[in-house]
Every structure is written in C-alpha cells, then in structure tokens.
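Printed here is my_file-v6.csv (CSV, C-alpha atoms):
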chain,number,residue,atom,x,y,z
A,1,MET,CA,0.0,0.0,0.0
A,2,GLU,CA,2.8,2.3,1.0
A,3,GLN,CA,4.7,1.3,-2.1
A,4,ILE,CA,1.8,2.2,-4.3
A,5,ALA,CA,1.4,5.5,-2.6
A,6,ALA,CA,5.1,6.3,-3.0
A,7,SER,CA,5.1,5.5,-6.7
A,8,GLU,CA,2.0,7.6,-7.2
A,9,LEU,CA,3.6,10.4,-5.4
A,10,THR,CA,6.8,10.1,-7.6
A,11,GLN,CA,4.6,10.1,-10.7
A,12,LEU,CA,2.8,13.2,-9.4
A,13,VAL,CA,6.1,15.0,-8.8
A,14,ARG,CA,7.3,14.0,-12.3
A,15,GLU,CA,4.1,15.3,-13.8
A,16,GLN,CA,4.2,18.5,-11.9
A,17,ALA,CA,7.8,19.0,-13.0
A,18,VAL,CA,7.0,18.3,-16.7
A,19,LEU,CA,3.9,20.5,-16.4
A,20,GLY,CA,6.1,23.2,-14.9
A,21,LEU,CA,7.7,23.6,-18.3
A,22,ALA,CA,4.4,24.4,-19.9
A,23,ASP,CA,4.5,27.9,-18.5
A,24,PHE,CA,8.0,28.7,-19.5
A,25,ASP,CA,8.0,32.3,-18.4
A,26,GLU,CA,7.3,31.1,-14.9
A,27,VAL,CA,10.1,28.6,-15.1
A,28,VAL,CA,12.5,31.5,-16.1
A,29,ARG,CA,11.2,33.7,-13.4
A,30,LEU,CA,11.7,31.1,-10.7
A,31,TYR,CA,15.0,29.6,-11.7
A,32,ARG,CA,16.8,32.5,-13.4
A,33,PRO,CA,18.4,34.0,-10.3
A,34,ARG,CA,19.9,30.6,-9.3
A,35,VAL,CA,21.2,29.8,-12.7
A,36,PHE,CA,22.6,33.4,-13.1
A,37,ARG,CA,24.3,33.3,-9.7
A,38,PHE,CA,25.9,29.9,-10.4
A,39,LEU,CA,27.2,31.2,-13.8
A,40,LEU,CA,28.4,34.5,-12.4
A,41,ALA,CA,30.3,32.8,-9.5
A,42,SER,CA,31.7,30.2,-12.0
A,43,LEU,CA,32.8,32.5,-14.8
A,44,ARG,CA,33.2,35.9,-13.0
A,45,ASP,CA,32.0,37.8,-16.0
A,46,ARG,CA,28.6,39.6,-15.9
A,47,ASP,CA,27.9,39.6,-19.6
A,48,THR,CA,29.0,36.0,-20.2
A,49,ALA,CA,26.9,34.9,-17.2
A,50,GLU,CA,23.9,36.8,-18.6
A,51,ASN,CA,24.3,35.4,-22.1
A,52,LEU,CA,24.8,31.8,-20.8
A,53,THR,CA,21.7,32.2,-18.6
A,54,GLN,CA,19.7,33.0,-21.7
A,55,ASP,CA,21.3,30.1,-23.5
A,56,CYS,CA,20.5,27.8,-20.6
A,57,PHE,CA,16.8,28.6,-20.8
A,58,LEU,CA,16.8,28.4,-24.6
A,59,LYS,CA,18.3,24.9,-24.4
A,60,ALA,CA,15.8,24.0,-21.7
A,61,TYR,CA,13.0,25.3,-23.8
A,62,LEU,CA,14.2,23.5,-27.0
A,63,GLY,CA,14.9,20.3,-25.1
A,64,ARG,CA,11.8,20.4,-22.8
A,65,ALA,CA,10.4,17.3,-24.6
A,66,HIS,CA,13.4,15.3,-23.3
A,67,PHE,CA,12.9,16.3,-19.7
A,68,ARG,CA,11.5,13.1,-18.2
A,69,GLY,CA,11.3,14.4,-14.6
A,70,ASP,CA,13.9,12.0,-13.3
A,71,SER,CA,15.5,14.8,-11.5
A,72,SER,CA,14.0,18.1,-10.2
A,73,LEU,CA,13.6,20.9,-12.7
A,74,SER,CA,16.2,22.9,-10.8
A,75,THR,CA,18.7,20.1,-11.0
A,76,TRP,CA,18.0,19.7,-14.7
A,77,LEU,CA,18.5,23.4,-15.4
A,78,MET,CA,21.7,23.5,-13.2
A,79,LYS,CA,23.0,20.6,-15.2
A,80,ILE,CA,22.5,22.5,-18.5
A,81,ALA,CA,24.2,25.5,-16.9
A,82,MET,CA,27.1,23.4,-15.8
A,83,ASN,CA,27.5,22.0,-19.3
A,84,LEU,CA,27.4,25.5,-20.7
A,85,VAL,CA,30.2,26.6,-18.3
A,86,ARG,CA,32.3,23.6,-19.4
A,87,ASP,CA,31.7,24.3,-23.1
A,88,HIS,CA,32.4,28.0,-22.6
A,89,LEU,CA,35.7,27.4,-20.8
A,90,ARG,CA,36.7,24.9,-23.4
A,91,SER,CA,36.0,27.3,-26.3
A,92,LYS,CA,37.7,30.1,-24.4
A,93,ARG,CA,40.8,28.0,-24.2
A,94,LEU,CA,40.7,27.2,-27.9
A,95,ARG,CA,39.9,30.8,-28.8
A,96,PHE,CA,43.0,32.1,-27.0
A,97,TRP,CA,43.1,35.1,-29.3
A,98,THR,CA,39.8,36.5,-28.0
A,99,LYS,CA,40.4,39.5,-25.8
A,100,THR,CA,39.3,39.3,-22.2
A,101,ARG,CA,36.2,41.3,-21.9
A,102,ASP,CA,36.1,44.3,-19.5
A,103,THR,CA,32.9,43.0,-18.0
A,104,ALA,CA,34.9,40.6,-15.8
A,105,LEU,CA,34.0,41.1,-12.2
A,106,ASP,CA,36.8,42.4,-10.0
A,107,PRO,CA,37.0,40.9,-6.5
A,108,VAL,CA,37.1,44.4,-5.1
A,109,ASP,CA,33.8,45.2,-6.9
A,110,VAL,CA,32.3,42.1,-5.4
A,111,SER,CA,33.4,42.9,-1.9
A,112,ASP,CA,31.8,46.4,-2.4
A,113,TRP,CA,28.5,44.7,-2.8
A,114,ILE,CA,28.4,43.1,0.5
A,115,PRO,CA,25.0,44.0,1.9
A,116,ASP,CA,25.1,46.7,4.6
A,117,GLY,CA,24.6,45.8,8.2
A,118,ARG,CA,28.1,45.5,9.6
A,119,SER,CA,28.4,46.7,13.1
A,120,SER,CA,31.4,49.0,12.4
A,121,PRO,CA,33.6,50.2,9.6
A,122,GLU,CA,36.3,47.9,10.8
A,123,ALA,CA,34.0,44.9,10.6
A,124,GLU,CA,33.0,46.0,7.2
A,125,LEU,CA,36.6,46.3,6.0
A,126,ILE,CA,37.4,42.8,7.4
A,127,ALA,CA,34.4,41.3,5.7
A,128,ARG,CA,35.4,43.0,2.4
A,129,THR,CA,38.9,41.6,2.7
A,130,GLN,CA,37.6,38.2,3.4
A,131,VAL,CA,35.3,38.2,0.4
A,132,THR,CA,38.2,39.4,-1.8
A,133,TYR,CA,40.4,36.5,-0.6
A,134,VAL,CA,37.7,33.9,-1.0
A,135,TRP,CA,36.8,35.2,-4.5
A,136,LYS,CA,40.4,35.1,-5.6
A,137,ALA,CA,40.9,31.6,-4.1
A,138,VAL,CA,37.7,30.3,-5.8
A,139,SER,CA,38.7,31.8,-9.1
A,140,GLU,CA,42.0,29.9,-8.9
A,141,LEU,CA,40.3,26.5,-8.2
A,142,PRO,CA,40.2,23.9,-10.9
A,143,ALA,CA,36.8,23.9,-12.8
A,144,LYS,CA,35.3,20.9,-11.1
A,145,GLN,CA,36.3,21.9,-7.6
A,146,ARG,CA,35.0,25.5,-8.3
A,147,SER,CA,31.6,24.1,-9.5
A,148,VAL,CA,31.3,21.9,-6.5
A,149,PHE,CA,32.3,24.7,-4.1
A,150,VAL,CA,29.8,27.1,-5.6
A,151,LEU,CA,27.0,24.6,-5.7
A,152,ARG,CA,27.5,23.7,-2.0
A,153,PHE,CA,28.3,27.1,-0.5
A,154,VAL,CA,26.6,29.6,-2.7
A,155,GLU,CA,23.7,27.5,-4.0
A,156,GLU,CA,23.3,25.6,-0.7
A,157,MET,CA,22.8,22.2,-2.5
A,158,GLU,CA,23.1,18.9,-0.7
A,159,LEU,CA,26.0,16.6,-1.6
A,160,LYS,CA,23.6,14.0,-3.1
A,161,GLU,CA,22.0,16.7,-5.3
A,162,ILE,CA,25.5,17.9,-6.4
A,163,ALA,CA,26.4,14.3,-7.2
A,164,GLU,CA,23.3,13.9,-9.3
A,165,LEU,CA,24.0,17.1,-11.1
A,166,THR,CA,27.7,16.5,-11.8
A,167,GLY,CA,27.4,12.8,-12.5
A,168,MET,CA,30.0,12.1,-9.9
A,169,ASN,CA,29.5,9.8,-6.9
A,170,PRO,CA,28.9,11.5,-3.5
A,171,SER,CA,32.3,10.5,-2.2
A,172,THR,CA,34.0,12.1,-5.2
A,173,VAL,CA,32.0,15.2,-4.7
A,174,LYS,CA,33.1,15.2,-1.0
A,175,THR,CA,36.7,14.8,-2.1
A,176,HIS,CA,36.4,17.8,-4.5
A,177,LEU,CA,34.7,19.8,-1.9
A,178,TYR,CA,37.4,19.0,0.7
A,179,ARG,CA,40.2,19.9,-1.7
A,180,ALA,CA,38.5,23.2,-2.7
A,181,LEU,CA,37.9,24.1,0.9
A,182,ALA,CA,41.5,23.2,1.8
A,183,ALA,CA,42.7,25.5,-1.1
A,184,VAL,CA,40.5,28.4,0.1
A,185,ARG,CA,41.6,27.8,3.7
A,186,GLU,CA,45.2,27.9,2.7
A,187,SER,CA,44.8,31.1,0.7
A,188,MET,CA,43.1,32.6,3.7
A,189,GLY,CA,46.2,31.8,5.8
A,190,GLY,CA,44.9,28.7,7.5
A,191,LYS,CA,46.3,25.2,7.4
A,192,SER,CA,45.2,23.2,4.4
B,1,MET,CA,21.6,30.3,4.6
B,2,THR,CA,22.9,31.4,8.0
B,3,LYS,CA,26.5,31.6,9.1
B,4,GLU,CA,25.8,28.6,11.4
B,5,THR,CA,24.8,26.5,8.5
B,6,THR,CA,28.0,27.3,6.6
B,7,THR,CA,30.0,26.5,9.7
B,8,ARG,CA,28.2,23.2,10.0
B,9,GLN,CA,28.8,22.5,6.3
B,10,VAL,CA,32.5,23.3,6.7
B,11,GLN,CA,33.0,21.4,9.9
B,12,GLU,CA,31.3,18.3,8.3
B,13,LEU,CA,34.4,18.0,6.1
B,14,TYR,CA,36.7,18.1,9.1
B,15,PRO,CA,35.0,15.7,11.5
B,16,GLU,CA,38.0,15.1,13.8
B,17,SER,CA,39.1,18.6,14.5
B,18,ASP,CA,40.4,20.0,17.7
B,19,ALA,CA,39.3,23.3,19.3
B,20,ALA,CA,41.9,25.4,17.5
B,21,THR,CA,40.9,23.9,14.1
B,22,LYS,CA,37.3,24.5,14.9
B,23,ARG,CA,37.9,28.2,15.6
B,24,ASP,CA,39.9,28.3,12.4
B,25,LEU,CA,37.1,26.7,10.5
B,26,GLU,CA,34.6,29.1,12.0
B,27,GLY,CA,36.6,32.0,10.6
B,28,LEU,CA,36.6,30.2,7.2
B,29,ALA,CA,32.9,29.6,7.4
B,30,ASN,CA,32.4,33.3,8.2
B,31,SER,CA,34.4,34.4,5.2
B,32,ILE,CA,32.5,31.9,2.9
B,33,SER,CA,29.1,33.2,4.2
B,34,HIS,CA,30.3,36.8,3.4
B,35,PHE,CA,31.3,35.6,-0.1
B,36,ARG,CA,27.9,33.9,-0.5
B,37,ALA,CA,26.1,37.1,0.6
B,38,ALA,CA,28.2,39.2,-1.9
B,39,ILE,CA,27.4,36.8,-4.8
B,40,HIS,CA,23.7,36.8,-3.9
B,41,HIS,CA,23.8,40.6,-3.7
B,42,VAL,CA,25.6,41.0,-7.0
B,43,ALA,CA,23.3,38.6,-8.8
B,44,GLY,CA,20.3,40.3,-7.2
B,45,GLN,CA,21.4,43.7,-8.4
B,46,GLU,CA,21.2,42.6,-12.0
B,47,THR,CA,18.0,43.9,-13.7
B,48,GLU,CA,16.1,40.9,-15.0
B,49,PRO,CA,15.9,41.0,-18.7
B,50,GLU,CA,12.7,40.0,-20.4
B,51,TRP,CA,12.8,36.4,-21.6
B,52,ARG,CA,12.2,36.5,-25.3
B,53,LEU,CA,12.7,33.3,-27.2
B,54,ASP,CA,13.2,35.0,-30.6
B,55,GLN,CA,15.8,37.5,-29.2
B,56,THR,CA,17.7,34.7,-27.5
B,57,GLN,CA,17.7,32.6,-30.6
B,58,ALA,CA,18.9,35.6,-32.7
B,59,ARG,CA,21.6,36.4,-30.2
B,60,ARG,CA,22.7,32.8,-30.2
B,61,ARG,CA,22.8,32.7,-34.0
B,62,SER,CA,24.9,35.9,-34.2
B,63,THR,CA,27.3,34.6,-31.5
B,64,HIS,CA,27.6,31.4,-33.5
B,65,GLN,CA,28.3,33.4,-36.7
B,66,ARG,CA,30.8,35.5,-34.9
B,67,VAL,CA,32.6,32.5,-33.5
B,68,MET,CA,32.7,30.9,-37.0
B,69,LEU,CA,34.0,34.2,-38.4
B,70,GLU,CA,36.7,34.3,-35.7
B,71,TRP,CA,37.7,30.8,-36.6
B,72,ALA,CA,37.8,31.7,-40.3
B,73,VAL,CA,40.0,34.7,-39.6
B,74,ALA,CA,42.2,32.7,-37.3
B,75,ALA,CA,42.6,30.0,-39.9
B,76,ALA,CA,43.4,32.6,-42.6
B,77,ALA,CA,46.0,34.2,-40.3
B,78,ALA,CA,47.5,30.8,-39.5
B,79,MET,CA,47.8,30.1,-43.3
B,80,VAL,CA,49.4,33.5,-43.9
B,81,LEU,CA,51.8,32.8,-41.1
B,82,CYS,CA,52.7,29.4,-42.4
B,83,ALA,CA,53.2,30.8,-45.9
B,84,ALA,CA,55.5,33.5,-44.4
B,85,ILE,CA,57.5,30.9,-42.6
B,86,LEU,CA,57.6,28.4,-45.4
B,87,MET,CA,58.4,30.9,-48.3
B,88,PRO,CA,62.0,31.5,-47.4
B,89,VAL,CA,62.5,27.8,-46.7
B,90,VAL,CA,61.1,26.9,-50.0
B,91,GLY,CA,63.1,29.7,-51.7
B,92,SER,CA,66.3,28.5,-50.1
B,93,TYR,CA,65.5,25.0,-51.1
B,94,ARG,CA,64.9,26.1,-54.6
B,95,ASP,CA,68.2,28.0,-54.7
B,96,HIS,CA,70.0,25.0,-53.3
B,97,ALA,CA,68.4,22.7,-55.9
B,98,ALA,CA,69.3,25.1,-58.7
B,99,GLN,CA,72.9,25.3,-57.5
B,100,LEU,CA,73.1,21.6,-57.3
B,101,GLN,CA,71.7,21.3,-60.8
B,102,ALA,CA,74.2,23.8,-62.2
B,103,GLN,CA,77.0,21.9,-60.4
B,104,GLN,CA,75.8,18.6,-61.9
B,105,ARG,CA,75.6,20.2,-65.3
B,106,GLU,CA,79.1,21.6,-65.1
B,107,GLN,CA,80.4,18.2,-63.9
B,108,LEU,CA,78.6,16.6,-66.8
B,109,LEU,CA,80.2,19.1,-69.3
B,110,GLN,CA,83.6,18.5,-67.8
B,111,GLN,CA,83.1,14.7,-68.1
B,112,ARG,CA,82.0,15.1,-71.7
B,113,ALA,CA,85.0,17.2,-72.5
B,114,ALA,CA,87.3,14.7,-70.9
B,115,ASP,CA,85.5,11.8,-72.8
B,116,THR,CA,85.8,13.7,-76.0
B,117,ALA,CA,89.5,14.3,-75.4
B,118,LEU,CA,90.0,10.7,-74.7
B,119,LEU,CA,88.1,9.6,-77.7
B,120,ASP,CA,90.1,12.0,-79.9
B,121,GLN,CA,93.2,10.6,-78.4
B,122,VAL,CA,92.1,7.0,-79.2
B,123,THR,CA,91.0,8.0,-82.7
B,124,ASN,CA,94.3,9.6,-83.3
B,125,ALA,CA,96.1,6.6,-82.0
B,126,LEU,CA,94.0,4.3,-84.1
B,127,SER,CA,94.3,6.4,-87.3
B,128,GLU,CA,98.1,6.2,-87.1
B,129,GLY,CA,99.6,3.4,-89.4
B,130,VAL,CA,101.9,2.1,-86.7
B,131,PRO,CA,101.4,2.6,-83.0
B,132,ASP,CA,104.1,4.4,-81.1
B,133,SER,CA,105.3,1.4,-79.4
B,134,MET,CA,105.9,-0.4,-82.7
B,135,ARG,CA,107.5,2.5,-84.5
B,136,PRO,CA,111.2,1.3,-84.1
B,137,LEU,CA,110.2,-2.1,-85.7
B,138,ALA,CA,108.4,-0.3,-88.4
B,139,GLU,CA,111.4,1.8,-89.1
B,140,LEU,CA,113.6,-1.3,-89.3
B,141,ASP,CA,111.0,-2.8,-91.6
B,142,THR,CA,111.0,0.2,-93.8
B,143,ASP,CA,114.8,0.3,-94.0
B,144,TYR,CA,114.8,-3.4,-94.9
B,145,ALA,CA,112.1,-2.9,-97.5
B,146,SER,CA,114.0,0.0,-99.1
B,147,TYR,CA,117.2,-2.1,-99.0
B,148,GLN,CA,115.5,-4.9,-100.8
B,149,THR,CA,114.1,-2.6,-103.4
B,150,VAL,CA,117.5,-1.2,-104.1
B,151,GLU,CA,118.9,-4.7,-104.3
B,152,THR,CA,116.2,-5.8,-106.6
B,153,GLU,CA,116.8,-2.9,-108.9
B,154,LYS,CA,120.5,-3.6,-108.9
B,155,LYS,CA,119.8,-7.2,-109.9
B,156,ASN,CA,117.4,-6.1,-112.6
B,157,GLY,CA,120.0,-3.7,-113.9
B,158,ARG,CA,122.6,-6.4,-114.1
B,159,ASN,CA,120.2,-8.7,-115.9

Once you've parsed the file, please lay out its structure as structure tokens.
Amino acid sequence: MEQIAASELTQLVREQAVLGLADFDEVVRLYRPRVFRFLLASLRDRDTAENLTQDCFLKAYLGRAHFRGDSSLSTWLMKIAMNLVRDHLRSKRLRFWTKTRDTALDPVDVSDWIPDGRSSPEAELIARTQVTYVWKAVSELPAKQRSVFVLRFVEEMELKEIAELTGMNPSTVKTHLYRALAAVRESMGGKS
Amino acid sequence: MTKETTTRQVQELYPESDAATKRDLEGLANSISHFRAAIHHVAGQETEPEWRLDQTQARRRSTHQRVMLEWAVAAAAAMVLCAAILMPVVGSYRDHAAQLQAQQREQLLQQRAADTALLDQVTNALSEGVPDSMRPLAELDTDYASYQTVETEKKNGRN
C-alpha cells in the first residue's frame, strides 16, 4: 500500500515537473536567479553569465520534450548551466586570441557589494577583505572543484544533489569539496 | 543560509578537528558566508531582462556566426603565417636545388669534354699506321724494304 502511494507520489512529482515547463515564463522567473548566480560565480563575468543564462533557458525550452522528470527541474537546469560553463571554458581555451572582456568582475567590486549591516567600519573592512580573498581563491580553483564549491556554499545544494547534477558519486563530490575548501583555507592563511 | 549552516557544512568536512581547528574553520565559514552574501547581492542587483525566445535565438545565432568568423579569420591568419615561414625555406630549397643542378651540369660538361678528349686521343692513336710502341720495328722494316728494293733494282739492272 505504502509502495503504491510512494510510486503515485513520484509520478505526481514528475508530472508536476513536466507541467512546470508548460508555462516557461514562470520557469524562467523562478530559476533564473539561481542559474545566473551559479554562472556568475563560476565565470566571474557579468555579460557572459547573462548570455549563458539566456542560453541555458533556450536549451531547456528547446529540449523540454526530453525532460522526463527523473530529477528536479532545478537540477536539470543547473546541469544545463554546468555543461554551458564547461563548453564556454573549453571554447575560451581554444579561442585564445579572444580578448578578455572588460565586464569581468573584479573581486574588489564584489566585496563592495556586501549587503550593509556591519556593526562597524572595521567589521565591514574585514568582511570585504575576506570576500576578496575567497573570491580570488575560488577563481583559482580547478573547474570541477569550483563548481562543487559554488553549488555547495553559494547555492546551498546537498551533496547528493550535487552528485546527481555533476554525474560524480557522492564520495568524489566530497573529495572535490574537501580539496576546494583546503585551497580556500590555505589562501586565507589557515592550514590546508 | 545562516552563518551557522555554513559553519556546519565546513565542519562536516573536518569531523575530527580540535578546538583550535574548529575556531579556524569558524573563521573560514564566516568568510564563505560573506562571499555567498556578496554573490547573492551582485546577482540580485542585475536587472532581470525579459525572456524573449526569438531574441535569445537571434543572439545565439549571431554569437555562433561571430565564432565561425573568428575561426575563419584565425585559420586565414595561420595560413598566412605558415606561408610567411615556409616561403624563405622553399626559396632557399629552390636556390639550393638550382645550385646543385648547375653543379651537376658543369660536372657533366667536364666529363663530356674529358671523354671527347680521350676519344680523340684514341681515334688519333688508331688512325696512325703504326702505333708508337711499334714505331722502331716499323722503321727497321721500312729500312729493310727499301734495302731490298735497291737490291732488286740492282739485280734487274745487271740482268
């Protein structure tokens, strides 16, 4: 009985997920911030992140017939975004003559955007410095470690979800995360 | 996500840490939570563009065309570069080949002249009635022949 109820529930979730694509504007409105944030943190370029966000939703729209609802809509979209990041980095490496765009985010700019609410100017300065260090350390991480770090600490995803998204097993995800964190910690002056 | 959640997430990766490490990790978690807040804030500041399928498709097409054009220009530049590098090499190879050919031609001419001279020498040697080495014998023979002629004439005169 319980088994039937569980399978019916899974089916319902799938259907809801598939139906979710019918109103695509709503899908864009709901998931755009997350996709954009992930792309921005991964690529550190506002224009590229914006363009790839659009591409992500275009791909999702064109491939909506292939979405079977095996994973959540969010995971599916993030998977597309991750593939776009990988393709972008690969083509950027191949197109070495392409000039670096001036829309690249500077870590100082990012630290300027820390929301207000620090208790004192000193605390604010410390927070800004910390953000600059983390931003720099994250930008120097290998692509896989960076993606896992961003998904875990910026997008607040569970390890299982990240494993599903990246196609790695959870222990590999944990290893990547551990290494990424060790690198960030080391760059912050702590022990690795 | 709160700072505490980040701390928990960070500490999960270091399960057997002492008090000093825990303090260190708390500081790290604090920095990461600031980083997350900054990213969320930066992303939130972006004005959300209207989702237009046709516009996105057009932009994607133009990006694709631009990339193709870049590749074409890069390929052309690479070809020009290769030509610029190979031209002097081919030129020097051609010069070398021409020099070698001229040298071979000269050697052939010299060989021919030498052959002609040898042939002339052989022809001259063959055209002579008596070879040099046999000349003393031939002279003796001539002397003897002329002696016999004289003797014969004498005999005939007597008769």

Problem - Distance-based interface of chain B with chain A, 9 Å, counting all atoms listed in the file, as a count of residues only - result: 37

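Taking CA of Ser147 (chain A) and CA of Ser42 (chain A) as the two end points, the separation is 6.6 Å.
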
Exercise for the section: Measure the distance from CA of Arg44 (chain A) to CA of Ser71 (chain A) in Å and round it to one decimal. Expected result: 27.6 Å

Handout entry: From A:Ala163, A:Ala123, A:Leu43, A:Ala65, residue lying nearest Leu84 (chain A) [all atoms listed in the file]
Key =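 The shortest atom-to-atom distance to Leu84 (chain A) comes from A:Leu43.
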
Handout entry: Gap from CA of Leu77 (chain A) to CA of Glu140 (chain A) - Å, one decimal
Key =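 Atom-to-atom, CA of Leu77 (chain A) to CA of Glu140 (chain A), that is 25.2 Å.
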